Each structure stands twice: as structure tokens, then as C-alpha cells.
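Only one structure is covered here, and it is reproduced in the block below.
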Amino acid sequence: MAIELQQVTKKVAGEMHIHATDLQLYPEGFNVLLGETGAGKTTLIKLMAGLEKPTSGRVLFGGADVTKLSPQKRNISLVHQFFINYPNMTVYENIASPLRVAKYDRKEIDRRVREAAEVMKLGPMLERRPQQLSGGQQQRTALARAIVKESDLVLLDEPLANLDYKLREDLREELPRIFADRGATVVYATSEPTEALLLEGHTATVRQGRVTEFGRTEELYRRPEFFETADVFSDPPINSGEIRKEGSRLELNTITWEAPAFLRDEPDGPYRVGIRPHFVSPREEVESPVELVGKVLVTELSGSESVAHFTTPSGNTWVSQSHGVHPFQIGEDHKFYINPAGFLYFRTDGTRVSAAAEMATL
Amino acid sequence: MATIELQNLRHSYVPEPKGPEDYALKHMNFTWKDGGAYALLGPSGCGKSTLLNIISSLVTPSEGKVLFDGRDVTPLTPDQRNIAQVFQFPVIYDTMTVYNNLAFPLKNRGFSRQRIEERVREIAGLLEIEPLLQQRAANLSPDNKQKISMGRGLVRDDVNVIMFDEPLTVIDPHLKWKLRSKLKELHQSVQTTMIYVTHDQTEALTFADEVVVMEEGQVVQIGTPVELFEKPAHTFVGHFIGSPGMNILPAEMNGEGPSFHGTAVPVANPPARLEGNERLEIGVRPEFVRFARKGESGLPVEVLKTTDTGRYRLVFARAGDTKLHAILPEDESEAPTGQAEVIFDPERTRLYADGWLLEN
Amino acid sequence: MAHKTENPRAWLFVAPVLLLVAFNAFIPLMAVINYSVQESFGNNLFFWHGIGWFEQIMNSERFQATLLRQGFFTFIILAIELPLGVAIALTMPKKGFWVPVCLVLMALPLLVPWNVVGAMWNIFALPDLGLLGATLNGFGWEYNMTSDPFDAWFTMILMDVWHWTSLVVLLSYAGLVSIPDAFYQAARIDGASRLSVFRFIELPKMKHVLTIAVLLRFMDSFKIYTEPFVLTGGGPGNSTTLLSIDLVKIGLGQFDLGPAAAMSLIYFLIVLTFSWIFYTLMTKNDPM
């Protein structure tokens, strides 16, 4: 179903929590709300659910104004970050509960519960109670309850945040498949850029109560229109700095490099460059990279990737992200190679330079 | 500071254990070097907390000994063992100021006022909580409270070992990495033996020089982060470490080498001798899987989906009934769809028997 | 981003409580205020008396003496029951078979009705037949509650301690068992003494329930009526006449509705003020 927010705002105790927002969700696939804790993702979800009433503006479901409608009348499902199930009911009863409320007949309930349990891999657990399940299974139960209802709108508020990472990986892989062909519009809030990319679909980047941009996830990641979007959509944080353009050369502190074709015709002066950490590598991977030497301050190793924070002699702090486990020595100087193809250029007002010109070169 | 040795350790919560399944900790023998940074990594219920509690003497092992610098400490209490522990939830003394919280372990041991002042200031400096020293500890944020818990362990410079039991559980996600790297830095400046228990690979690999991976009550591998990534000693390690984890395919012996569904798969550790009844598996990380180029022949797979993660492309495929992940670098040309063939880097592909890496 | 959502329907849910409170608190209070400012004669004749009754009560020696007596009683029982209750709670087991046994034993005195407690202790204290009275006399203490004010006070306080220490025990116990093991383990590792564990862990963690215990015991002891009335009837003389006993004497014994109403209000204000002071002092440094 087509879900739309029109000029929706939310003010609480004189404080703007959501600034005027227009958002037209895509009826199929995932609509990811990406932003830090406290950016306003949960408030947006509550506004869509009807748990909060907007201070101004309208919420439309399939073109009909539902702004004043209570959550019960909106045909929605909501899954939280915490595993919320009825503790004294079996998994079967938990999944069946929304259908019982809607007064479906017993046969239909049974058919739908078993189908949802099958999809969520809960078949053998139907007679257990939530406390007897692992965290992952509890959240699967909550998700099964959300799909059994065949809602128009399914709202998932960081549903994987409290799971161990291996379970998170598995469920993340399954979720898009589970919701495919169900005809529901899915909204998925997360604070992890990688999660948004893995879920594909569309993404809205949210910061301080504003949706900075909304678009196809991959598109938004690669070609953000605003610096803020790139900043929200980067983990570890994006490297950025003020650069100067003089003729065909670009300069950042002591480093200079050749301006790309689409930047040549722009006026000389200050610009901002944004470089995602994975374009800064401890290995020489591309031809003619920009080279940097920096002292490693902090390193982090996730299972497959290594992150290093380092400072250059001019005092700038950089973040590098590379594949594999790279043993950095903290406090030592390391050489890093930056791939200039990964540079994003922004004007001083935060808009990105020449998307059109760039499209032509691709 | 001490070398910690576990000798023939075994523990069961059942009074009269019958089979190996009754043991929460299966037979183990190993040594932690003085001044090292170690992590105990494993999923919940793998026995890592039991092991931690045995070292801190909150649990007495049913069999075996714990030795500190060669001295048997198995019958000693936590304070006699002279250890420090940081718990999952911050433990602070609500009514005291931050300063007094940090000074508490020293006061109890009768240190001079001047010495206490020196140590507290030094540790507060390391933890970057100097401005908070005169505040009441009860009103602080969870991350600062947890820093105080850590500080009480660090303030004594004579402890044998400091243990961390999932210390970042209550910390806000965007503050986690700061504390994570702070801990690493602390270890480098104080050089005390530290043991960090967690189920999170990033926390373990970031903190530790050596990681002890546990599963179902046994240690499956002890190694550096690089070793765990590049040469998992057990399929569990391959699966548990890395996102996505190692691909694990059932294998059979076909003449000289292993094969999967009739396709020979060259591995780095061709077995010299096999009993014949082992469960054989091929393990290869998604990073070392690539698609066959023209003229090459490889393992036939069905490509289900390719996702662009921004940094690389993740291919979801199926080889027979087995799920297979492949990671393709960004610059490579279009990923294939439908039926395709993949090639595993033979130097990074290994054969496992009953879960364990085969020695060659 | 926690904030309150406005929902007019919420009023519907609190309406029954509001109605109940209106009937059993607000309307009687209004009636009392009405009486306190009027002079009453028989046949429902009332005259405006202003604050006359209040002046009279505040200046009466009888009221001052009763108030002093009441304050003394409350102070003593708080001073005994709180430390005693905490001490008993500390010795109770935290897990295992004995937990329910201890809890039931502790709850027993609380289950006995007030008048029965009074009657029980009345018999218990008989100098010739009562177990307590006879035993004390056997030890050479010439104990007689009905003639000796000290003995009467002694019995009354003993009775209250017997009856109500359990409440303090149960509340403290609830506070104690909610302290996670990690705190005790950390204290052991920090080398803390038993006293330090009590002072820096147990006492602070019990603070909230102890606040409730103090408030409950303060209010209850201030309005205590049945037990001492059944036990001593306020005697010998007026030595154990507490506020509520005196109030009933004036109001129902002498039918002086005006002074009784004024006294009730003064009494009410005292309890309210003290409760507020306690509460504010004890929760002053809370992070909440």
C-alpha cells in the first residue's frame, strides 16, 4: 500500500522532534530509516503507526487520510528492538493473537499460524513458551506475529539490535526474502549503514529530526546529494576536509592531486571532500593513489575487516577500513593509500558537485 | 602480575557427571603469559563464564588446578588471589564520590593517603575521568560508571590479573568503540595480564593479542586475530569469526584429494592418512572464492543474489544444498547470475575432519 | 525521547479511584473542617466560632502533653524497629529451603488483627497469670502494667516492636535480595570489610525501601489506637494516652465536636508535615 507523510511535524514540549517531512514510501521492498540513536527514527515509526499524532501535517495510507486514526484501525504491525511476546502464551498462541483479535475462524488461524511459523523456522517450537526460547527465536516469534496479520504496513524498529551478530547475519539475510511478495510496505529502522546496504530497497537518511534524503539504497550511498547524507551513511565515520581548487589541481593541506573531469569547469575556491574509510587502505591496491603517512591511534578488528584511526603530521585525523585482519602497531607510523576514484566533492553549502557530469562519465 | 596456568581443568555443575555432556568445561590445559591481553570468545552457553569464574575463584573446579606463577591458588578466595574483575553491569558505590570509589580498594588495604592520591589521579587521567573525581558516582552515565568499575581494578598496581566480563553490554552503541579502544590503550600502559570475556568478535579481536575461542565447553582454538582469520583450527572458528563466516562444504575423498559432489577441490592441507570414517568438510572464506574466468573450470553453483555493500559485493549462491557466500572486490566486472562456476584459492582452502583442521 | 502522550481517555481509567477518594477522604475532611470552625449544641445547632478551637487546643496543656507523649512513643519505636528490622533482614538466608520458612514466620505477627494483638498482650502481661508478667515477677521485677506507668510503656513498646518489626524486616529483605551478586563479589575483590559492605552497598541499596519503612512506621505509630487502647486503655492515669486515644475521648466521650475536629486537623497537619520532611530529606540526593 502507498504510505505517505505530508509536511508532518512533531513538537514535544516546545522542542522540534521531527521537522516538516515529506516522505512517500515505496510499496514494495524495504524502506530503511537510517540514522543515529536519537535522530528521530522511532518517532517517525510511531507517527506512521499512529502511536503519536503529528503536530501538523497528514499521514496517508493508499491516498486516504489516516492522521486521526488510532493504531488499531490502521492495519499495521510493529516489531521492537526488545523481544515483546506474551510470556504466558505458547509460541502458537502468540502468533495467533492478532488473528484472534480480528476474529478469524479457527481453521484460517491455524493455517496462517503454521505458514508463518514455517517461514520463520519456528515449526518445532510452537508449543513452547517465550522464556524457553533463545533471543533469536523470541524475535522470530515477534516477527511471525507481524507477518501473520497480512498488514498493509510492517514497521520494524531496529529488530536485530539486541541479537548476537551471528543471529543478526542470518535473520538479515532472510528478512527481505520473507517479506517479498507479501504486498506489505516494510519500514525498517537501523543505525547501521551496512545493514541498510544489505537489505537493499530504499533508504531515508535521518539526522536531528530531518530526513536528509530518500532514494534507492545503493544510489544514495554512492551518489548522495548532500554531505549530511554521506555523513549519516558511513560507518566508520566518513573522512572529510576542506580542500582548495586551483585550476586543475586540488589541495588538502600538503597533499595535492588532479581534479576529476567534472570538477574542472567549476570555479576555483574552497570545496569539501568526503572520503569513505574503505578508500583509505594500508595496501597499495590501485594505480596512482594519493599517499599519506600517519600515526596509528586506535585500531579495531571485526572478523573480516580492520579499521585504523590515524593522524597525519598536519594534525588531521583519518579513518581507514580494509578487508582482512591487518595487524597495525598502535603509536607507529603507517603508510596509507587513498583511491581518488572514491572522492565525493561538495560545495561549501553541502550540496554535491555535478551529479549530472559524473553520470555521463560512468 | 602473573602467569596463569590451567592444569587438567574440568568442571561439571552436576554432582556425579557421567558422560562428557555433563561437563560445562571439558578437559583443558593451557597457560596465559604474564602481561598478555587475552580474550575468551564464544557464543552464550559455551562455558566462558564458568572458566572466568574458576579463575576468579567464584567457582571451584571439580577437577584440576589453577596456578598463578606456578603457585596453586585453587583453594584461595578472590581477595587472596589478588585479582580484579569488571562485571557486565557497572558496580559502583553509590554514596561515594568518584574519587572515593577509585580509592576504595587501596583504603581497604591500608595504603598511605599520599600513595592513594597519586594512584587515583594517575588512573583517572588514563581513563579521562579527572573532571568527574569530585562528583557523586551515582549520577553518572553508564559508560562513565563502567570506567569507574575498570578504574577500581586498575588502581591496584599489584593485581595478578584483571578480568572483564562482557563489560560493554550496557554501553550505548556509538560509545562502544571508544571504550573498546580505550581498554586496548590501558593494557599497553599498565601491562597487567588481562582477560576479556565476550561473545562479540570485534571486541575480542580488537582487545586481545591472543584470542581463546570456546564452543560447547571446550577450547577450539587459541590464536592471534590474524591466525583465527587466516587459518581457523576448527570449522566453528571459521564460522563464528568473520562476517559472513567461512563457507563449509561437505566433502569426500576422491582418489588423491578431496572433492565436493564429484568436483575435485584442491586444498592447502591434503591429508597424508585418513581413518576413512571421518566427517570431512572443506572450509573456505568468502574472501577467497572467485568466479571462474573464461577457459577455467570450477565448482558449479547457482547464484541467488548479489548485494552491493558499498565496500564489496556479496554473492549469495548455492552449491548443491549448501549455502555459499562469495565476496567480490568492487572493481571486478559484472557478477554472474544463474548457473556459474567458482574457484577457491587453493592456498586458503582447507580440509577439516570432524570439525578439526587436518594437519598435513 | 521519552515523553508523555496526551490521551483524554486515560481519565476514564482513574475515575473510579477519584470517586472513591472523594467519598472516603475528601467529603469527610470537608465535614471535619466544617465542625472545626463552629460551636455546636444539641439539636444540630451550630454557631460560627472562627479559629477559636484551634487557639484553645494549641494552648491546652493536655494537648501539649499528649503530643509530647506521642512524639516520644514514635521516636522510641522507630529507634528500635528500624535497626532491629535491618539486622534481622541481614541474617536471613537469601536462597534455599529456609527462605519461605523465614518469610512466613516473619509475616505471622502482621496477620494478627489489632484488637487481638492488644488483647493477647493484655493477657500476656498479667502479673500473676500472663507468661510475660509472671516471668518478670519471677525474676524479682515487681511488674504491674496497670499500676506502674513505666511498666505500661515498656509493655506497649514491646508489643509494637513485636507486631511491626516484621514489616521493616520484609521491606529491608526485599531491598537486600534485589542487590546483584556482582556487588558482593566486587566488594570481596576490593577487599572491603563486612562493615564496609553494609555501609557502602547494602545500606544505600536499601535506602528506597527504608524510606518507605520509615514513612509507614511513622504514620502508623502516630495514628495508633486499637492496640494500646485494648492493652492499657490509656492508663494508668493518662500515662499511655496517645493522640488518637485522646481524640476519641474528646470527640466521642465528651461529644466536643468542635475541639475534636480542630485537634484532628492539627494532628493531620503534623503527620503530613513530618512525612513530607522525611521524604524530602531521604530522597534529596537521588539521581531520579
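In the C-alpha cells, each chain is lettered A, B, ... as it comes, each chain's residues begin at 1, and ligands are numbered from 1 in order of appearance.
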Interface list for chain A, partner chain B, 7 Å threshold, only C-alpha atoms, as a VMD selection string: chain A and resid 194 197 to 198 278 298 to 304 325
For the residues in the current selection, export N, CA and C atoms as an mmCIF file, in the first residue's frame.
```cif
data_model
loop_
_atom_site.group_PDB
_atom_site.id
_atom_site.type_symbol
_atom_site.label_atom_id
_atom_site.label_comp_id
_atom_site.auth_asym_id
_atom_site.auth_seq_id
_atom_site.Cartn_x
_atom_site.Cartn_y
_atom_site.Cartn_z
ATOM 1 N N THR A 194 25.746 -0.521 7.149
ATOM 2 C CA THR A 194 25.954 -1.796 6.466
ATOM 3 C C THR A 194 24.651 -2.581 6.382
ATOM 4 N N LEU A 197 22.579 -1.312 3.552
ATOM 5 C CA LEU A 197 23.078 -1.768 2.251
ATOM 6 C C LEU A 197 22.729 -3.228 1.995
ATOM 7 N N LEU A 198 22.794 -4.047 3.028
ATOM 8 C CA LEU A 198 22.498 -5.463 2.854
ATOM 9 C C LEU A 198 21.017 -5.709 2.605
ATOM 10 N N HIS A 278 36.806 3.031 3.457
ATOM 11 C CA HIS A 278 37.369 1.886 2.737
ATOM 12 C C HIS A 278 38.155 2.294 1.502
ATOM 13 N N VAL A 298 44.238 4.296 17.048
ATOM 14 C CA VAL A 298 43.284 3.311 17.532
ATOM 15 C C VAL A 298 43.046 2.319 16.407
ATOM 16 N N THR A 299 42.955 1.041 16.742
ATOM 17 C CA THR A 299 42.569 0.078 15.711
ATOM 18 C C THR A 299 41.406 -0.753 16.218
ATOM 19 N N GLU A 300 40.621 -1.240 15.260
ATOM 20 C CA GLU A 300 39.526 -2.126 15.597
ATOM 21 C C GLU A 300 39.519 -3.236 14.576
ATOM 22 N N LEU A 301 39.392 -4.470 15.037
ATOM 23 C CA LEU A 301 39.314 -5.586 14.123
ATOM 24 C C LEU A 301 37.950 -6.232 14.276
ATOM 25 N N SER A 302 37.145 -6.190 13.219
ATOM 26 C CA SER A 302 35.958 -7.019 13.247
ATOM 27 C C SER A 302 36.431 -8.304 12.592
ATOM 28 N N GLY A 303 35.610 -9.321 12.497
ATOM 29 C CA GLY A 303 36.094 -10.591 11.991
ATOM 30 C C GLY A 303 36.771 -10.511 10.633
ATOM 31 N N SER A 304 36.216 -9.731 9.729
ATOM 32 C CA SER A 304 36.756 -9.723 8.372
ATOM 33 C C SER A 304 37.379 -8.395 7.977
ATOM 34 N N VAL A 325 42.345 -9.110 8.212
ATOM 35 C CA VAL A 325 42.816 -8.701 9.527
ATOM 36 C C VAL A 325 44.214 -8.138 9.361
#
```
Tell me, counting only C-alpha atoms, for each residue of range 142-186 of chain C within 12 Å of range 70-83 of chain B, which pair of atoms is nearest and how far apart they are in Å to one decimal, in rows ordered by chain and increasing number, as JSON lines.
```
{"residue": "C:Tyr184", "atom": "CA", "partner": "B:Pro78", "partner_atom": "CA", "distance": 11.5}
{"residue": "C:Gln185", "atom": "CA", "partner": "B:Pro78", "partner_atom": "CA", "distance": 8.3}
{"residue": "C:Ala186", "atom": "CA", "partner": "B:Pro78", "partner_atom": "CA", "distance": 9.4}
```
With C-alpha atoms kept, could you save the residues just selected as a compact mmCIF listing (two decimals), in the first residue's frame?
```
# COMPACT_ATOMS: atom_id res chain seq x y z
CA TYR C 184 29.22 -8.54 46.74
CA GLN C 185 31.82 -10.13 44.51
CA ALA C 186 33.25 -6.73 43.62
```
Compile the contact shell of Val212 in chain B as an MDAnalysis selection string: residues with an atom at most 9 Å away, counting only C-alpha atoms, same-chain residues fewer than 3 positions apart removed. chainID B and resid 38:42 219:224
Now that the selection is made, can you save its residues with N, CA and C atoms as a PDB file, in the first residue's frame?
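That gives us out.pdb:
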```
ATOM      1  N   TYR B  38      44.315 -11.073  26.715  1.00  0.00           N
ATOM      2  CA  TYR B  38      43.631 -12.239  26.184  1.00  0.00           C
ATOM      3  C   TYR B  38      42.135 -12.001  26.085  1.00  0.00           C
ATOM      4  N   ALA B  39      41.506 -12.690  25.146  1.00  0.00           N
ATOM      5  CA  ALA B  39      40.048 -12.653  25.086  1.00  0.00           C
ATOM      6  C   ALA B  39      39.544 -14.078  25.110  1.00  0.00           C
ATOM      7  N   LEU B  40      38.417 -14.263  25.808  1.00  0.00           N
ATOM      8  CA  LEU B  40      37.712 -15.535  25.789  1.00  0.00           C
ATOM      9  C   LEU B  40      36.464 -15.293  24.960  1.00  0.00           C
ATOM     10  N   LEU B  41      36.405 -15.914  23.793  1.00  0.00           N
ATOM     11  CA  LEU B  41      35.325 -15.604  22.857  1.00  0.00           C
ATOM     12  C   LEU B  41      34.485 -16.840  22.585  1.00  0.00           C
ATOM     13  N   GLY B  42      33.179 -16.669  22.598  1.00  0.00           N
ATOM     14  CA  GLY B  42      32.299 -17.785  22.260  1.00  0.00           C
ATOM     15  C   GLY B  42      30.852 -17.388  22.426  1.00  0.00           C
ATOM     16  N   VAL B 219      37.962 -25.538  24.428  1.00  0.00           N
ATOM     17  CA  VAL B 219      38.712 -24.532  23.692  1.00  0.00           C
ATOM     18  C   VAL B 219      38.945 -25.080  22.300  1.00  0.00           C
ATOM     19  N   VAL B 220      38.474 -24.375  21.265  1.00  0.00           N
ATOM     20  CA  VAL B 220      38.662 -24.882  19.918  1.00  0.00           C
ATOM     21  C   VAL B 220      39.873 -24.274  19.224  1.00  0.00           C
ATOM     22  N   GLN B 221      40.269 -23.086  19.658  1.00  0.00           N
ATOM     23  CA  GLN B 221      41.495 -22.514  19.092  1.00  0.00           C
ATOM     24  C   GLN B 221      42.004 -21.385  19.985  1.00  0.00           C
ATOM     25  N   ILE B 222      43.323 -21.314  20.097  1.00  0.00           N
ATOM     26  CA  ILE B 222      43.955 -20.171  20.744  1.00  0.00           C
ATOM     27  C   ILE B 222      44.860 -19.569  19.698  1.00  0.00           C
ATOM     28  N   GLY B 223      44.619 -18.325  19.364  1.00  0.00           N
ATOM     29  CA  GLY B 223      45.459 -17.756  18.317  1.00  0.00           C
ATOM     30  C   GLY B 223      45.341 -16.259  18.226  1.00  0.00           C
ATOM     31  N   THR B 224      46.228 -15.646  17.436  1.00  0.00           N
ATOM     32  CA  THR B 224      46.154 -14.212  17.204  1.00  0.00           C
ATOM     33  C   THR B 224      44.993 -13.950  16.256  1.00  0.00           C
TER      34      THR B 224
END
```
Residue hits in chain C, query chain B, radius 10 Å, only C-alpha atoms, as a PyMOL selection string: chain C and resi 180+182-193+196-197+199-205+285-288
Which of range 158-268 of chain B end up as helix (DSSP H, G or I) when DSSP is run on this backbone - answer as an MDAnalysis selection string? chainID B and resid 173:190 201:207 225:230 235:240
Kindly save the residues from that selection, with C-alpha atoms included, as an mmCIF file, in the first residue's frame.
```
data_model
loop_
_atom_site.group_PDB
_atom_site.id
_atom_site.type_symbol
_atom_site.label_atom_id
_atom_site.label_comp_id
_atom_site.auth_asym_id
_atom_site.auth_seq_id
_atom_site.Cartn_x
_atom_site.Cartn_y
_atom_site.Cartn_z
ATOM 1 C CA PRO B 173 26.460 1.511 20.619
ATOM 2 C CA HIS B 174 28.097 4.701 19.414
ATOM 3 C CA LEU B 175 30.250 4.911 22.560
ATOM 4 C CA LYS B 176 31.321 1.265 22.420
ATOM 5 C CA TRP B 177 34.222 1.677 20.057
ATOM 6 C CA LYS B 178 35.689 4.432 22.208
ATOM 7 C CA LEU B 179 35.760 2.253 25.315
ATOM 8 C CA ARG B 180 36.934 -0.714 23.268
ATOM 9 C CA SER B 181 39.996 1.127 22.058
ATOM 10 C CA LYS B 182 40.454 2.754 25.475
ATOM 11 C CA LEU B 183 40.851 -0.698 27.007
ATOM 12 C CA LYS B 184 43.493 -1.657 24.478
ATOM 13 C CA GLU B 185 45.365 1.552 25.266
ATOM 14 C CA LEU B 186 45.080 0.876 29.006
ATOM 15 C CA HIS B 187 46.562 -2.555 28.631
ATOM 16 C CA GLN B 188 49.517 -1.103 26.801
ATOM 17 C CA SER B 189 50.183 1.432 29.519
ATOM 18 C CA VAL B 190 49.702 -0.806 32.587
ATOM 19 C CA GLN B 201 34.179 -10.852 17.709
ATOM 20 C CA THR B 202 35.021 -7.171 17.260
ATOM 21 C CA GLU B 203 35.528 -6.674 20.989
ATOM 22 C CA ALA B 204 37.659 -9.798 21.261
ATOM 23 C CA LEU B 205 39.841 -9.244 18.213
ATOM 24 C CA THR B 206 40.302 -5.532 18.917
ATOM 25 C CA PHE B 207 41.358 -6.054 22.502
ATOM 26 C CA PRO B 225 43.408 -12.390 15.284
ATOM 27 C CA VAL B 226 45.326 -12.989 12.052
ATOM 28 C CA GLU B 227 45.570 -16.729 12.736
ATOM 29 C CA LEU B 228 41.881 -17.003 13.532
ATOM 30 C CA PHE B 229 41.012 -15.282 10.297
ATOM 31 C CA GLU B 230 43.512 -16.956 8.022
ATOM 32 C CA THR B 235 35.041 -25.097 11.412
ATOM 33 C CA PHE B 236 33.330 -23.356 14.332
ATOM 34 C CA VAL B 237 36.063 -20.716 14.432
ATOM 35 C CA GLY B 238 35.741 -20.196 10.691
ATOM 36 C CA HIS B 239 32.009 -19.777 11.007
ATOM 37 C CA PHE B 240 31.997 -17.667 14.175
#
```
Which residues are near Met219 in chain C? Cut-off 10 Å, only C-alpha atoms, ignore same chain within fewer than 5 positions. Put them as a list in words. Thr74, Ala213, Val214, Ile224, Val271, Leu272, Phe274 and Ser275 of chain C
Would you mind listing, for every residue of chain A within 9 Å of chain C, the two atoms forming the shortest contact and the distance between them in Å to one decimal, using only C-alpha atoms, sorted by chain and ascending residue number, as a Markdown table?
```
| residue | atom | partner | partner_atom | distance |
| --- | --- | --- | --- | --- |
| A:Val12 | CA | C:His3 | CA | 7.5 |
| A:Ala13 | CA | C:His3 | CA | 8.6 |
| A:His17 | CA | C:Met1 | CA | 8.4 |
| A:Gly38 | CA | C:Met1 | CA | 7.0 |
| A:Gly40 | CA | C:Met1 | CA | 8.5 |
| A:Thr42 | CA | C:Met1 | CA | 9.0 |
| A:Thr43 | CA | C:Met1 | CA | 8.3 |
| A:Leu51 | CA | C:Thr5 | CA | 8.8 |
| A:Glu52 | CA | C:Thr5 | CA | 7.4 |
| A:Lys53 | CA | C:Thr5 | CA | 8.9 |
```
Contacts of range 299-304 of chain B at 6 Å (only C-alpha atoms; same-chain gap of 2+ positions) as a PyMOL selection string: chain B and resi 316-319+337-342
Thr66 in chain C environment, 9 Å, only C-alpha atoms, sequence neighbours closer than 6 positions dropped, as a list in words: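 Neighbouring residues, sequence-local ones excluded: Asn238, Ser239, Thr240, Thr241, Leu242, Leu243 and Asp246 of chain C.
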What's around range 98-112 of chain A at 12 Å? Count only C-alpha atoms, leave out sequence neighbours fewer than 6 positions away in its own chain, and write the answer as a list in words.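 So, after excluding close chain neighbours, the residues are Gln72, Lys73, Asn75, Ile76, Ser77, Leu78, Asn85, Tyr86, Tyr92, Glu118, Val119, Leu126, Ala142, Ala144, Arg145, Ala146, Ile147, Val148, Lys149, Glu150 and Ser151 of chain A.
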Which of A:Asp170, A:Glu332, A:Ala184, A:His19 sits closest to Lys323 in chain B [using only C-alpha atoms]: A:Asp170
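Interatomic distance, CA of Asn239 in chain A against CA of Val319 in chain A: 6.5 Å.
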